[in-house]
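See structure below.
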Amino acid sequence: SSSSSSEVSHGSHYDLDCDCTDTADPALPQRAVGPSMALVGYGNAVVAALQARHALETRHGFEPGSVRVIDSPYLSKASTGLKAALRDCSHVVFADPCKQGQSPFAGIVLQLQREHSLPRHWTCVAASPTYNPLGCTATFTSADDIVLAALHLRS
């Protein structure tokens, strides 16, 4: 089940000072019972993260509103907005659409860890380090990759 573009635009807010977008649905409670999970991505990984959030909430028992999707297009360093968005999260999955070993989130995660801005439970998933045929998305970071990472963090 894919996410509609209206879901992204309805739940998003853009703050030029924060350089990140939180796609939490304002109609849902922002802090649900249990740990808070953030799925951080950029580009195509944001769509995959929205699909993963839907799967986690509908098929894997995550409380509605407990999974936050954050679009972080600022890739050279961790923005203050990203740090603020992660502050109340106990689990974070960084979903990088780039291939392993070439992923911009690697540097951002190191910075966040060095600055003690990461929660105790976090992981990073990236696309497979393989040839990608033109027009084929089979090797891209998928919603299933993100769901598996989130479930592993919660186990």
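Chains: A, B, ... in order of the structure tokens. Residues: from 1 per chain. Ligands: from 1, in order shown.
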All residues 6 Å or closer to range 105-119 of chain A, only C-alpha atoms, same chain fewer than 6 positions away omitted, as a list in words:
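So, after excluding close chain neighbours, the residues are Lys77, Ala78 and Ser90 of chain A.
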For the strand (DSSP E) assignment from backbone DSSP, which residues of range 6-155 of chain A qualify? Please present them as a list in words.
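The residues of range 6-155 of chain A classed as strand (DSSP E) are Thr21, Asp22, Met37, Ala38, Leu39, Val40, Gly41, Val67, Arg68, Val69, Ile70, Asp71, His91, Val92, Val93, Phe94, Ala95, Asp96, Pro97, Cys98, Lys99, His121, Trp122, Thr123, Cys124, Val125, Ala126 and Ala127 of chain A.
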Keeping only N, CA, C and O atoms, write those residues as a CSV table (one decimal), in the first residue's frame.
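File produced: out-v2.csv:
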```
chain,number,residue,atom,x,y,z
A,21,THR,N,11.9,18.0,7.8
A,21,THR,CA,10.4,18.0,7.8
A,21,THR,C,9.9,16.8,8.6
A,21,THR,O,10.4,15.7,8.3
A,22,ASP,N,9.0,17.0,9.5
A,22,ASP,CA,8.4,16.0,10.3
A,22,ASP,C,7.1,15.7,9.7
A,22,ASP,O,6.2,16.6,9.6
A,37,MET,N,9.3,5.9,17.8
A,37,MET,CA,10.2,5.4,16.7
A,37,MET,C,10.2,6.5,15.7
A,37,MET,O,9.2,7.0,15.3
A,38,ALA,N,11.4,6.9,15.3
A,38,ALA,CA,11.6,7.8,14.2
A,38,ALA,C,12.2,7.1,13.0
A,38,ALA,O,13.1,6.3,13.1
A,39,LEU,N,11.7,7.3,11.8
A,39,LEU,CA,12.2,6.8,10.6
A,39,LEU,C,12.7,8.0,9.8
A,39,LEU,O,11.9,8.9,9.4
A,40,VAL,N,14.0,8.2,9.7
A,40,VAL,CA,14.6,9.3,9.1
A,40,VAL,C,15.1,9.0,7.6
A,40,VAL,O,15.8,8.0,7.5
A,41,GLY,N,14.7,9.8,6.7
A,41,GLY,CA,15.1,9.5,5.3
A,41,GLY,C,15.2,10.8,4.5
A,41,GLY,O,15.0,11.9,5.0
A,67,VAL,N,5.1,6.3,15.5
A,67,VAL,CA,6.1,6.2,14.5
A,67,VAL,C,6.1,7.6,13.8
A,67,VAL,O,5.1,7.9,13.2
A,68,ARG,N,7.2,8.2,13.8
A,68,ARG,CA,7.4,9.6,13.2
A,68,ARG,C,8.3,9.4,12.0
A,68,ARG,O,9.4,8.8,12.1
A,69,VAL,N,7.9,9.9,10.8
A,69,VAL,CA,8.7,10.0,9.6
A,69,VAL,C,9.3,11.4,9.5
A,69,VAL,O,8.6,12.3,9.5
A,70,ILE,N,10.6,11.4,9.3
A,70,ILE,CA,11.3,12.7,9.2
A,70,ILE,C,12.0,12.8,7.9
A,70,ILE,O,12.9,11.9,7.6
A,71,ASP,N,11.7,13.8,7.1
A,71,ASP,CA,12.4,14.0,5.8
A,71,ASP,C,13.6,15.0,6.2
A,71,ASP,O,13.3,16.1,6.6
A,91,HIS,N,13.9,5.2,19.6
A,91,HIS,CA,14.4,4.3,18.6
A,91,HIS,C,14.4,5.1,17.3
A,91,HIS,O,13.5,5.9,17.0
A,92,VAL,N,15.5,5.0,16.5
A,92,VAL,CA,15.6,5.7,15.2
A,92,VAL,C,16.2,4.7,14.2
A,92,VAL,O,17.1,4.0,14.4
A,93,VAL,N,15.5,4.7,13.0
A,93,VAL,CA,16.0,4.0,11.8
A,93,VAL,C,16.3,5.1,10.8
A,93,VAL,O,15.5,5.9,10.4
A,94,PHE,N,17.6,5.1,10.4
A,94,PHE,CA,18.0,6.0,9.3
A,94,PHE,C,17.9,5.2,8.0
A,94,PHE,O,18.5,4.2,7.9
A,95,ALA,N,17.1,5.7,7.1
A,95,ALA,CA,16.8,5.0,5.8
A,95,ALA,C,17.5,5.7,4.7
A,95,ALA,O,17.0,6.8,4.3
A,96,ASP,N,18.6,5.3,4.3
A,96,ASP,CA,19.4,6.0,3.3
A,96,ASP,C,19.2,5.3,1.9
A,96,ASP,O,19.4,4.1,1.7
A,97,PRO,N,18.7,6.1,0.9
A,97,PRO,CA,18.5,5.5,-0.4
A,97,PRO,C,19.8,5.2,-1.2
A,97,PRO,O,19.8,4.5,-2.2
A,98,CYS,N,20.9,5.8,-0.7
A,98,CYS,CA,22.2,5.5,-1.4
A,98,CYS,C,22.7,4.2,-1.0
A,98,CYS,O,22.3,3.6,0.0
A,99,LYS,N,23.6,3.7,-1.8
A,99,LYS,CA,24.2,2.3,-1.6
A,99,LYS,C,25.1,2.3,-0.3
A,99,LYS,O,25.7,3.4,0.0
A,121,HIS,N,18.9,3.2,21.1
A,121,HIS,CA,18.5,2.2,20.0
A,121,HIS,C,18.4,2.9,18.7
A,121,HIS,O,17.5,3.6,18.5
A,122,TRP,N,19.4,2.6,17.8
A,122,TRP,CA,19.3,3.2,16.4
A,122,TRP,C,20.0,2.2,15.5
A,122,TRP,O,20.8,1.4,15.9
A,123,THR,N,19.7,2.4,14.2
A,123,THR,CA,20.3,1.6,13.2
A,123,THR,C,20.2,2.4,11.9
A,123,THR,O,19.5,3.4,11.8
A,124,CYS,N,21.0,2.0,10.9
A,124,CYS,CA,20.9,2.6,9.6
A,124,CYS,C,20.8,1.6,8.5
A,124,CYS,O,21.5,0.6,8.6
A,125,VAL,N,19.9,1.7,7.6
A,125,VAL,CA,19.7,0.8,6.5
A,125,VAL,C,20.0,1.6,5.2
A,125,VAL,O,19.7,2.8,5.1
A,126,ALA,N,20.7,1.0,4.2
A,126,ALA,CA,21.0,1.6,3.0
A,126,ALA,C,20.7,0.6,1.8
A,126,ALA,O,20.5,-0.6,2.1
A,127,ALA,N,20.8,1.1,0.6
A,127,ALA,CA,20.5,0.3,-0.5
A,127,ALA,C,21.6,-0.7,-0.7
A,127,ALA,O,22.8,-0.5,-0.2
```
Would you work out the distance separating CA of Cys89 in chain A from CA of Pro64 in chain A, expressed in Å to one decimal?
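Distance between the two atoms: 14.8 Å.
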When you count only C-alpha atoms, which of these residues is closest to Gly101 in chain A: A:Leu86, A:Arg53, A:His60, A:Ser128?
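Comparing A:Leu86, A:Arg53, A:His60, A:Ser128 against Gly101 in chain A, the winner is A:Ser128.
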Write out as a list in words the set of residues from range 33-102 of chain A that DSSP, computed on the backbone, places in alpha helix (DSSP H).
Asn44, Ala45, Val46, Val47, Ala48, Ala49, Leu50, Gln51, Ala52, Arg53, His54, Ala55, Leu56, Glu57, Thr58, Arg59, Thr80, Gly81, Leu82, Lys83, Ala84, Ala85 and Leu86 of chain A
